[in-house]
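> This is my_file_32.csv, which holds CSV, C-alpha atoms and all ligand atoms:
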```
chain,number,residue,atom,x,y,z
C,1,MET,CA,-17.8,18.3,-5.6
C,2,THR,CA,-17.7,16.8,-2.1
C,3,ILE,CA,-16.4,13.3,-1.8
C,4,ARG,CA,-18.5,11.1,0.4
C,5,TYR,CA,-19.0,7.4,1.3
C,6,ASP,CA,-22.6,7.3,2.3
C,7,GLY,CA,-23.9,3.7,2.3
C,8,GLN,CA,-20.4,2.4,2.1
C,9,VAL,CA,-18.5,0.1,4.5
C,10,ALA,CA,-14.8,0.5,5.2
C,11,ILE,CA,-12.3,-1.6,7.1
C,12,VAL,CA,-9.2,0.3,8.3
C,13,THR,CA,-6.5,-1.9,9.8
C,14,GLY,CA,-4.2,-0.6,12.6
C,15,ALA,CA,-6.7,2.2,13.2
C,16,GLY,CA,-6.3,2.5,16.9
C,17,GLY,CA,-3.8,5.3,16.6
C,18,GLY,CA,-1.6,7.3,14.2
C,19,LEU,CA,-2.4,7.3,10.6
C,20,GLY,CA,-5.1,4.6,10.7
C,21,ARG,CA,-7.0,6.5,13.4
C,22,SER,CA,-7.0,9.6,11.2
C,23,HIS,CA,-8.2,7.7,8.1
C,24,ALA,CA,-11.0,5.9,10.1
C,25,ILE,CA,-12.3,9.1,11.6
C,26,ALA,CA,-12.3,11.0,8.3
C,27,LEU,CA,-14.0,8.1,6.4
C,28,ALA,CA,-16.7,8.0,9.1
C,29,ALA,CA,-17.1,11.8,9.1
C,30,ARG,CA,-17.9,11.5,5.3
C,31,GLY,CA,-20.6,8.9,5.8
C,32,ALA,CA,-18.8,5.5,5.8
C,33,LYS,CA,-19.5,2.8,8.4
C,34,VAL,CA,-16.1,1.9,9.6
C,35,VAL,CA,-14.5,-1.2,11.1
C,36,VAL,CA,-11.7,0.2,13.4
C,37,ASN,CA,-9.3,-2.7,13.5
C,38,ASP,CA,-6.3,-2.7,15.8
C,39,LEU,CA,-4.4,-5.3,17.7
C,40,GLY,CA,-3.3,-2.7,20.1
C,41,GLY,CA,0.3,-3.8,20.4
C,42,SER,CA,3.5,-1.7,20.8
C,43,VAL,CA,5.5,-0.3,17.8
C,44,ASP,CA,7.6,-3.5,17.7
C,45,GLY,CA,4.4,-5.6,17.5
C,46,SER,CA,4.5,-7.0,21.1
C,47,GLY,CA,1.6,-7.1,23.4
C,48,GLY,CA,-2.0,-6.2,22.5
C,49,SER,CA,-5.3,-4.7,23.8
C,50,SER,CA,-8.5,-3.7,22.2
C,51,ASP,CA,-8.7,-0.4,24.1
C,52,ALA,CA,-7.1,1.7,21.3
C,53,ALA,CA,-9.7,0.6,18.7
C,54,LYS,CA,-12.5,1.0,21.1
C,55,ALA,CA,-11.4,4.6,21.9
C,56,VAL,CA,-11.5,5.5,18.2
C,57,VAL,CA,-14.9,4.0,17.8
C,58,ALA,CA,-16.1,6.1,20.8
C,59,GLU,CA,-14.7,9.2,19.1
C,60,ILE,CA,-16.5,8.4,15.8
C,61,GLU,CA,-19.8,7.7,17.6
C,62,ALA,CA,-19.5,10.9,19.6
C,63,ALA,CA,-19.2,12.8,16.3
C,64,GLY,CA,-22.4,11.1,15.0
C,65,GLY,CA,-20.7,8.4,12.9
C,66,GLU,CA,-21.0,4.6,12.8
C,67,ALA,CA,-18.1,2.3,13.7
C,68,MET,CA,-17.2,-1.0,15.3
C,69,ALA,CA,-14.0,-2.1,17.0
C,70,ASN,CA,-12.1,-5.2,16.0
C,71,GLY,CA,-9.0,-6.6,17.5
C,72,ALA,CA,-7.9,-9.0,14.8
C,73,ASN,CA,-4.2,-9.6,14.2
C,74,VAL,CA,-3.9,-9.0,10.4
C,75,ALA,CA,-1.1,-11.5,10.2
C,76,ASP,CA,-3.5,-14.3,11.2
C,77,TYR,CA,-5.9,-15.2,8.4
C,78,ALA,CA,-8.4,-16.9,10.6
C,79,GLN,CA,-8.8,-13.8,12.7
C,80,VAL,CA,-9.1,-11.6,9.5
C,81,GLU,CA,-11.7,-13.9,8.1
C,82,LYS,CA,-13.7,-13.6,11.3
C,83,MET,CA,-13.4,-9.8,11.2
C,84,VAL,CA,-14.8,-9.8,7.6
C,85,ALA,CA,-17.6,-12.2,8.5
C,86,GLU,CA,-18.6,-10.0,11.4
C,87,THR,CA,-18.6,-7.0,9.1
C,88,MET,CA,-20.7,-8.7,6.6
C,89,GLU,CA,-23.1,-9.9,9.3
C,90,ARG,CA,-23.6,-6.4,10.6
C,91,TRP,CA,-23.4,-4.2,7.5
C,92,GLY,CA,-23.8,-6.6,4.5
C,93,ARG,CA,-21.0,-5.2,2.3
C,94,ILE,CA,-17.4,-4.1,2.2
C,95,ASP,CA,-16.5,-1.3,-0.2
C,96,ILE,CA,-13.2,0.0,1.1
C,97,LEU,CA,-10.2,-1.7,2.6
C,98,VAL,CA,-7.4,0.4,4.0
C,99,ASN,CA,-4.4,-1.8,4.8
C,100,ASN,CA,-2.5,0.3,7.3
C,101,ALA,CA,-1.5,-1.9,10.2
C,102,GLY,CA,2.2,-2.1,10.7
C,103,ILE,CA,5.2,-2.5,13.1
C,104,LEU,CA,8.9,-1.8,13.1
C,105,ARG,CA,11.9,-4.0,14.0
C,106,ASP,CA,14.7,-1.7,12.8
C,107,LYS,CA,18.2,-3.2,12.7
C,108,SER,CA,21.0,-2.9,10.2
C,109,PHE,CA,21.1,-6.0,8.0
C,110,VAL,CA,24.2,-7.3,9.7
C,111,LYS,CA,22.6,-7.2,13.1
C,112,GLY,CA,18.9,-8.0,12.3
C,113,SER,CA,17.6,-11.5,12.9
C,114,LEU,CA,15.7,-13.6,10.4
C,115,ASP,CA,12.8,-13.9,12.9
C,116,ASP,CA,12.4,-10.1,13.0
C,117,PHE,CA,12.6,-10.0,9.2
C,118,LYS,CA,9.8,-12.6,8.9
C,119,LEU,CA,7.6,-10.9,11.5
C,120,VAL,CA,7.8,-7.5,9.7
C,121,VAL,CA,7.0,-9.2,6.4
C,122,ASP,CA,4.2,-11.1,8.1
C,123,VAL,CA,2.5,-8.0,9.4
C,124,HIS,CA,2.9,-5.6,6.5
C,125,LEU,CA,2.9,-7.8,3.5
C,126,MET,CA,1.0,-10.9,4.6
C,127,GLY,CA,-1.3,-8.7,6.7
C,128,SER,CA,-2.2,-6.8,3.5
C,129,VAL,CA,-2.5,-10.1,1.6
C,130,ASN,CA,-4.8,-11.6,4.3
C,131,CYS,CA,-7.2,-8.7,4.5
C,132,THR,CA,-7.3,-8.3,0.7
C,133,LYS,CA,-7.8,-12.0,0.1
C,134,ALA,CA,-10.7,-12.0,2.7
C,135,VAL,CA,-12.6,-9.2,1.0
C,136,TRP,CA,-11.7,-10.0,-2.6
C,137,ASP,CA,-14.6,-12.3,-3.5
C,138,ILE,CA,-17.0,-9.9,-1.7
C,139,MET,CA,-15.8,-7.0,-3.8
C,140,ARG,CA,-15.9,-9.1,-7.0
C,141,GLU,CA,-19.5,-10.1,-6.3
C,142,GLN,CA,-20.4,-6.5,-5.6
C,143,ALA,CA,-18.5,-5.4,-8.7
C,144,TYR,CA,-17.1,-2.6,-6.6
C,145,GLY,CA,-14.1,-2.2,-4.3
C,146,ARG,CA,-11.4,0.3,-3.3
C,147,ILE,CA,-8.3,-1.2,-1.8
C,148,LEU,CA,-5.4,0.7,-0.4
C,149,VAL,CA,-2.0,-0.6,0.6
C,150,THR,CA,0.4,1.4,2.7
C,151,THR,CA,3.9,1.4,1.3
C,152,SER,CA,6.8,3.6,2.4
C,153,SER,CA,9.6,5.7,1.1
C,154,SER,CA,11.8,3.1,2.9
C,155,GLY,CA,10.6,0.5,0.4
C,156,LEU,CA,10.6,2.8,-2.6
C,157,TYR,CA,13.9,4.4,-2.0
C,158,GLY,CA,15.6,2.6,0.9
C,159,ASN,CA,16.4,3.5,4.5
C,160,PHE,CA,19.3,2.4,6.7
C,161,GLY,CA,18.2,-0.3,9.2
C,162,GLN,CA,15.0,-1.1,7.4
C,163,ALA,CA,15.8,-4.0,5.0
C,164,ASN,CA,12.9,-6.0,6.5
C,165,TYR,CA,10.4,-3.2,6.4
C,166,GLY,CA,11.5,-2.0,3.0
C,167,SER,CA,11.1,-5.5,1.6
C,168,ALA,CA,7.6,-5.8,3.0
C,169,LYS,CA,6.7,-2.3,1.7
C,170,MET,CA,7.7,-3.1,-1.8
C,171,GLY,CA,5.9,-6.4,-1.6
C,172,VAL,CA,2.6,-4.6,-1.3
C,173,ILE,CA,3.4,-2.7,-4.5
C,174,GLY,CA,3.9,-6.0,-6.3
C,175,MET,CA,0.6,-7.2,-5.0
C,176,MET,CA,-1.1,-4.0,-6.1
C,177,ASN,CA,0.3,-4.1,-9.7
C,178,THR,CA,-1.2,-7.6,-10.3
C,179,LEU,CA,-4.5,-7.1,-8.4
C,180,VAL,CA,-5.1,-4.0,-10.5
C,181,LEU,CA,-5.1,-6.2,-13.6
C,182,GLU,CA,-7.2,-9.0,-11.9
C,183,GLY,CA,-9.7,-6.5,-10.4
C,184,ALA,CA,-10.3,-4.3,-13.4
C,185,LYS,CA,-13.3,-6.3,-14.7
C,186,TYR,CA,-15.0,-5.9,-11.3
C,187,ASN,CA,-14.4,-2.2,-10.7
C,188,ILE,CA,-11.9,-2.9,-8.0
C,189,HIS,CA,-9.2,-0.3,-7.7
C,190,VAL,CA,-6.0,-0.8,-5.8
C,191,ASN,CA,-3.7,2.1,-4.9
C,192,ALA,CA,-0.8,2.7,-2.5
C,193,LEU,CA,-0.1,5.4,0.0
C,194,ALA,CA,3.5,6.4,0.8
C,195,PRO,CA,3.0,8.5,3.9
C,196,THR,CA,5.3,10.4,6.1
C,197,ALA,CA,3.8,11.4,9.4
C,198,GLY,CA,4.6,12.2,13.0
C,199,THR,CA,3.2,9.2,14.9
C,200,ARG,CA,4.5,7.0,17.7
C,201,MET,CA,6.3,5.0,14.9
C,202,THR,CA,8.4,8.1,14.0
C,203,GLU,CA,8.5,9.8,17.4
C,204,GLY,CA,12.2,10.5,18.2
C,205,LEU,CA,13.2,9.9,14.6
C,206,ILE,CA,11.9,13.2,13.3
C,207,GLN,CA,12.8,16.6,14.6
C,208,GLU,CA,10.1,18.2,16.8
C,209,ASP,CA,9.4,21.1,14.5
C,210,ALA,CA,9.0,18.8,11.5
C,211,PHE,CA,6.9,16.3,13.6
C,212,LYS,CA,4.4,19.0,14.3
C,213,LEU,CA,4.0,19.8,10.6
C,214,LEU,CA,3.7,16.1,9.6
C,215,THR,CA,0.3,15.4,11.2
C,216,PRO,CA,-1.6,12.3,10.1
C,217,GLU,CA,-4.5,14.6,9.2
C,218,THR,CA,-2.4,16.0,6.3
C,219,VAL,CA,-1.9,12.5,4.9
C,220,THR,CA,-5.5,11.3,5.2
C,221,PRO,CA,-6.9,13.3,2.2
C,222,ALA,CA,-4.6,11.2,0.0
C,223,VAL,CA,-6.4,8.1,1.3
C,224,LEU,CA,-9.8,9.6,1.0
C,225,TYR,CA,-9.1,10.5,-2.7
C,226,MET,CA,-7.7,7.1,-3.6
C,227,VAL,CA,-10.5,5.1,-2.0
C,228,SER,CA,-13.3,7.3,-3.5
C,229,GLU,CA,-15.5,6.1,-6.4
C,230,GLY,CA,-13.8,8.4,-8.9
C,231,GLY,CA,-10.4,7.9,-7.5
C,232,PRO,CA,-7.3,6.7,-9.4
C,233,ASN,CA,-6.1,3.1,-9.9
C,234,ARG,CA,-2.6,1.7,-9.6
C,235,THR,CA,-1.3,4.9,-8.2
C,236,ILE,CA,1.4,5.4,-5.5
C,237,LEU,CA,0.5,8.6,-3.9
C,238,SER,CA,3.1,10.1,-1.5
C,239,ALA,CA,1.8,12.5,1.2
C,240,GLY,CA,3.1,14.4,4.2
C,241,ALA,CA,2.7,17.8,5.8
C,242,GLY,CA,0.2,18.9,3.2
C,243,GLY,CA,2.4,17.9,0.2
C,244,TYR,CA,1.2,15.3,-2.3
C,245,ALA,CA,3.2,13.6,-5.1
C,246,VAL,CA,3.0,10.6,-7.3
C,247,ALA,CA,5.8,7.9,-7.4
C,248,LYS,CA,6.2,5.6,-10.4
C,249,ILE,CA,8.2,2.6,-11.4
C,250,VAL,CA,9.4,3.3,-14.9
C,251,GLU,CA,11.8,1.7,-17.3
C,252,THR,CA,14.0,3.3,-19.9
C,253,GLU,CA,13.3,2.5,-23.6
C,254,GLY,CA,16.8,0.9,-23.6
C,255,MET,CA,18.3,-0.5,-26.8
C,256,TRP,CA,18.8,-3.7,-28.7
C,257,LEU,CA,22.4,-4.8,-29.1
C,258,PRO,CA,23.5,-7.0,-32.0
C,259,PRO,CA,24.7,-10.5,-31.0
C,260,GLU,CA,28.4,-9.5,-31.0
C,261,GLU,CA,27.7,-6.7,-28.6
C,262,GLN,CA,25.5,-8.8,-26.2
C,263,THR,CA,28.4,-8.8,-23.8
C,264,PRO,CA,29.1,-6.9,-20.5
C,265,GLU,CA,31.5,-4.8,-22.6
C,266,GLY,CA,28.8,-4.0,-25.1
C,267,ILE,CA,26.4,-2.9,-22.3
C,268,ALA,CA,29.2,-0.7,-20.8
C,269,ALA,CA,29.9,0.9,-24.2
C,270,HIS,CA,26.2,1.7,-24.7
C,271,TRP,CA,25.4,2.5,-21.0
C,272,ASP,CA,24.4,6.2,-21.7
C,273,GLN,CA,21.6,5.1,-24.1
C,274,ILE,CA,20.5,2.1,-22.0
C,275,ASN,CA,20.3,4.3,-18.9
C,276,ASP,CA,18.8,7.3,-20.7
C,277,PHE,CA,16.0,8.5,-18.5
C,278,ASN,CA,14.6,10.9,-21.1
C,279,THR,CA,13.1,7.8,-22.6
C,280,VAL,CA,11.4,6.3,-19.6
C,281,ARG,CA,7.9,4.8,-19.7
C,282,GLU,CA,5.6,3.2,-17.2
C,283,LEU,CA,4.8,-0.4,-18.2
C,284,LYS,CA,1.3,-1.5,-17.4
C,285,ALA,CA,2.0,-5.2,-17.2
C,286,GLY,CA,5.1,-7.4,-17.1
C,287,GLY,CA,4.4,-8.7,-20.6
C,288,GLU,CA,5.0,-5.2,-22.1
C,289,GLN,CA,8.7,-5.6,-21.3
C,290,THR,CA,8.9,-8.9,-23.1
C,291,ILE,CA,7.1,-7.4,-26.1
C,292,LYS,CA,9.4,-4.4,-26.2
C,293,PHE,CA,12.5,-6.5,-26.2
C,294,VAL,CA,11.2,-9.1,-28.7
C,295,MET,CA,10.1,-6.4,-31.1
C,296,ALA,CA,13.4,-4.6,-30.9
C,297,ALA,CA,15.2,-7.9,-31.4
C,298,ALA,CA,13.0,-8.8,-34.4
C,299,ALA,CA,13.7,-5.5,-36.0
C,300,GLY,CA,17.5,-5.9,-35.2
C,301,HIS,CA,17.5,-9.3,-36.9
C,302,GLY,CA,15.4,-8.0,-39.8
C,303,ILE,CA,12.4,-10.2,-39.0
C,304,SER,CA,9.1,-8.5,-39.7
P,1,LIG,P1,1.4,3.5,14.4
P,1,LIG,O1,2.3,2.6,15.2
P,1,LIG,O2,0.8,4.7,15.1
P,1,LIG,O3,0.1,2.7,13.9
P,1,LIG,C1,0.2,1.3,13.5
P,1,LIG,C2,-1.0,0.6,14.1
P,1,LIG,O4,-1.0,-0.7,13.6
P,1,LIG,C3,-0.9,0.5,15.6
P,1,LIG,O5,-2.0,1.1,16.2
P,1,LIG,C4,-0.8,-0.9,15.9
P,1,LIG,O6,-1.4,-1.4,17.1
P,1,LIG,C5,-1.4,-1.6,14.6
P,1,LIG,N1,-1.0,-2.9,14.4
P,1,LIG,C6,0.3,-3.4,14.4
P,1,LIG,N2,0.4,-4.6,14.1
P,1,LIG,C7,-0.9,-5.1,13.9
P,1,LIG,C8,-1.5,-6.3,13.5
P,1,LIG,N3,-0.7,-7.4,13.4
P,1,LIG,N4,-2.8,-6.4,13.4
P,1,LIG,C9,-3.6,-5.3,13.6
P,1,LIG,N5,-3.1,-4.1,13.9
P,1,LIG,C10,-1.8,-4.0,14.1
P,1,LIG,O7,2.2,3.9,13.1
P,1,LIG,P2,1.7,4.8,11.9
P,1,LIG,O8,2.9,5.7,11.6
P,1,LIG,O9,0.4,5.4,12.0
P,1,LIG,O10,1.8,3.8,10.7
P,1,LIG,C11,0.7,3.4,9.9
P,1,LIG,C12,1.1,2.8,8.6
P,1,LIG,O11,1.9,3.8,7.8
P,1,LIG,C13,2.1,1.6,8.8
P,1,LIG,O12,1.9,0.6,7.8
P,1,LIG,C14,3.5,2.2,8.6
P,1,LIG,O13,4.4,1.3,8.2
P,1,LIG,C15,3.1,3.2,7.5
P,1,LIG,N6,4.1,4.3,7.3
P,1,LIG,C16,4.2,5.3,8.3
P,1,LIG,C17,5.1,6.3,8.1
P,1,LIG,C18,5.2,7.4,9.0
P,1,LIG,O14,6.0,8.3,8.7
P,1,LIG,N7,4.5,7.4,10.2
P,1,LIG,C19,5.9,6.3,6.9
P,1,LIG,C20,5.8,5.3,6.0
P,1,LIG,C21,4.8,4.3,6.2
```
Would you give me this structure, written as structure tokens?


Amino acid sequence: MTIRYDGQVAIVTGAGGGLGRSHAIALAARGAKVVVNDLGGSVDGSGGSSDAAKAVVAEIEAAGGEAMANGANVADYAQVEKMVAETMERWGRIDILVNNAGILRDKSFVKGSLDDFKLVVDVHLMGSVNCTKAVWDIMREQAYGRILVTTSSSGLYGNFGQANYGSAKMGVIGMMNTLVLEGAKYNIHVNALAPTAGTRMTEGLIQEDAFKLLTPETVTPAVLYMVSEGGPNRTILSAGAGGYAVAKIVETEGMWLPPEEQTPEGIAAHWDQINDFNTVRELKAGGEQTIKFVMAAAAGHGIS
């Protein structure tokens, strides 16, 4: 089975270079019409030029594909709305949104400024919110949509100097978890990519030998799978250097403690069972946690 996107329209943000460029080229090679969005700024988000996006469009067209360049700043909703309107005007639908644009302002928490923190959240989290919001009604009306957010191991697991970036990268997972529920009726899937790749963002941070193995092209198949018609939903797929793995947020079964043990000492005394990872489960909605605890409490109190 070959996965293709003929007749589909995709927007890839931050596609002027690095991972986004690779995603855009691969989607176009498999039949999608692609909006190559890129602000064209530096890694820290300063400056801007539409050249990067235009160069990727030229590459796609040279290979026989269809694409258009767009220079919208994903952090600016008015610009994002305009991008979506132009896409609808030209191609009449939007099937795929790959939220990929991003910047870095790495600093330890003690040294980092709140302005940098807000900017990073604005580009990664609000950028993804803006683009998703702008296509959401279109996808609902089409009863079809595949949305991807780009998270990071820095958000999932932490990374020194990246409290701002990590916060934004977990924020997009929060958005995904709820939009999966709200989009289910409309055949809208939302998934997350946790990539690791040698790009200008990681240049100098990764050893040269590893950098060569970690090509964006090894990550892109994870995106292609997740945004395909038969792809998964609510999945965090990690990818790098040809390796693919699924990350999950899980919760232990835990235990109900009788009233006299509902104390910090009671929790300490039962820590092994509360923290027993042999019992973990993935909860599919926040309410499942409440139900679990209320049922355990009712059983503990002898209420049926
Ligand atoms: P990159 O710097 O090569 O690409 C990011 C692109 O986003 C750039 O072309 C940039 O111009 C564009 N961009 C930045 N701000 C924008 C804005 N406001 N509006 C529109 N475009 C904007 O970096 P990359 O490594 O390809 O990163 C792509 C995504 O993957 C990012 O979200 C990044 O956080 C994430 N990521 C990368 C790695 C990695 O190892 N490279 C790891 C985890 C997550």

> Within 8 Å of Gly71 of chain C, counting all atoms listed in the file, which residues qualify if same-chain residues fewer than 4 places away don't, as number ranges by chain?

C: 37-40, 49-50, 53

> If we count all atoms listed in the file and set the cut-off at 12 Å, which residues sit around Ile60 of chain C, ignoring sequence neighbours fewer than 3 positions away in its own chain? Please answer as a VMD selection string.

chain C and resid 15 to 16 21 to 36 53 to 57 63 to 69

> Deliver the residues from the most recent selection as a file, using C-alpha atoms, as a tab-separated table (two decimals), keeping the file's coordinate frame.


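Here's the written file part22.tsv:
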```tsv
chain	number	residue	atom	x	y	z
C	15	ALA	CA	-6.70	2.20	13.20
C	16	GLY	CA	-6.30	2.50	16.90
C	21	ARG	CA	-7.00	6.50	13.40
C	22	SER	CA	-7.00	9.60	11.20
C	23	HIS	CA	-8.20	7.70	8.10
C	24	ALA	CA	-11.00	5.90	10.10
C	25	ILE	CA	-12.30	9.10	11.60
C	26	ALA	CA	-12.30	11.00	8.30
C	27	LEU	CA	-14.00	8.10	6.40
C	28	ALA	CA	-16.70	8.00	9.10
C	29	ALA	CA	-17.10	11.80	9.10
C	30	ARG	CA	-17.90	11.50	5.30
C	31	GLY	CA	-20.60	8.90	5.80
C	32	ALA	CA	-18.80	5.50	5.80
C	33	LYS	CA	-19.50	2.80	8.40
C	34	VAL	CA	-16.10	1.90	9.60
C	35	VAL	CA	-14.50	-1.20	11.10
C	36	VAL	CA	-11.70	0.20	13.40
C	53	ALA	CA	-9.70	0.60	18.70
C	54	LYS	CA	-12.50	1.00	21.10
C	55	ALA	CA	-11.40	4.60	21.90
C	56	VAL	CA	-11.50	5.50	18.20
C	57	VAL	CA	-14.90	4.00	17.80
C	63	ALA	CA	-19.20	12.80	16.30
C	64	GLY	CA	-22.40	11.10	15.00
C	65	GLY	CA	-20.70	8.40	12.90
C	66	GLU	CA	-21.00	4.60	12.80
C	67	ALA	CA	-18.10	2.30	13.70
C	68	MET	CA	-17.20	-1.00	15.30
C	69	ALA	CA	-14.00	-2.10	17.00
```

> Show which residues sit within 6 Å of segment 126-143 of chain C, as a list in words. Count all atoms listed in the file, and ignore same-chain residues fewer than 4 positions away.

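Residues near the query, excluding close chain neighbours: Val74, Ala75, Tyr77, Glu81, Asn99, Asp122, Tyr186 and Asn187 of chain C.
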
> Env of Leu237 of chain C: 12 Å cut, atoms = only C-alpha atoms, seq-sep filter 6 positions within chain, self excluded. Answer as a VMD selection string.

chain C and resid 148 to 153 156 173 190 to 196 219 to 227 231 243 to 248

> Export, as a PDB file, keeping the file's coordinate frame, the selected residues with C-alpha atoms.


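Result file selection-v8.pdb:
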```pdb
ATOM      1  CA  LEU C 148      -5.400   0.700  -0.400  1.00  0.00           C
ATOM      2  CA  VAL C 149      -2.000  -0.600   0.600  1.00  0.00           C
ATOM      3  CA  THR C 150       0.400   1.400   2.700  1.00  0.00           C
ATOM      4  CA  THR C 151       3.900   1.400   1.300  1.00  0.00           C
ATOM      5  CA  SER C 152       6.800   3.600   2.400  1.00  0.00           C
ATOM      6  CA  SER C 153       9.600   5.700   1.100  1.00  0.00           C
ATOM      7  CA  LEU C 156      10.600   2.800  -2.600  1.00  0.00           C
ATOM      8  CA  ILE C 173       3.400  -2.700  -4.500  1.00  0.00           C
ATOM      9  CA  VAL C 190      -6.000  -0.800  -5.800  1.00  0.00           C
ATOM     10  CA  ASN C 191      -3.700   2.100  -4.900  1.00  0.00           C
ATOM     11  CA  ALA C 192      -0.800   2.700  -2.500  1.00  0.00           C
ATOM     12  CA  LEU C 193      -0.100   5.400   0.000  1.00  0.00           C
ATOM     13  CA  ALA C 194       3.500   6.400   0.800  1.00  0.00           C
ATOM     14  CA  PRO C 195       3.000   8.500   3.900  1.00  0.00           C
ATOM     15  CA  THR C 196       5.300  10.400   6.100  1.00  0.00           C
ATOM     16  CA  VAL C 219      -1.900  12.500   4.900  1.00  0.00           C
ATOM     17  CA  THR C 220      -5.500  11.300   5.200  1.00  0.00           C
ATOM     18  CA  PRO C 221      -6.900  13.300   2.200  1.00  0.00           C
ATOM     19  CA  ALA C 222      -4.600  11.200   0.000  1.00  0.00           C
ATOM     20  CA  VAL C 223      -6.400   8.100   1.300  1.00  0.00           C
ATOM     21  CA  LEU C 224      -9.800   9.600   1.000  1.00  0.00           C
ATOM     22  CA  TYR C 225      -9.100  10.500  -2.700  1.00  0.00           C
ATOM     23  CA  MET C 226      -7.700   7.100  -3.600  1.00  0.00           C
ATOM     24  CA  VAL C 227     -10.500   5.100  -2.000  1.00  0.00           C
ATOM     25  CA  GLY C 231     -10.400   7.900  -7.500  1.00  0.00           C
ATOM     26  CA  GLY C 243       2.400  17.900   0.200  1.00  0.00           C
ATOM     27  CA  TYR C 244       1.200  15.300  -2.300  1.00  0.00           C
ATOM     28  CA  ALA C 245       3.200  13.600  -5.100  1.00  0.00           C
ATOM     29  CA  VAL C 246       3.000  10.600  -7.300  1.00  0.00           C
ATOM     30  CA  ALA C 247       5.800   7.900  -7.400  1.00  0.00           C
ATOM     31  CA  LYS C 248       6.200   5.600 -10.400  1.00  0.00           C
TER      32      LYS C 248
END
```

> Mind pulling up the distance from atom CA of Gly45 of chain C to atom CA of Lys118 of chain C?

12.3 Å
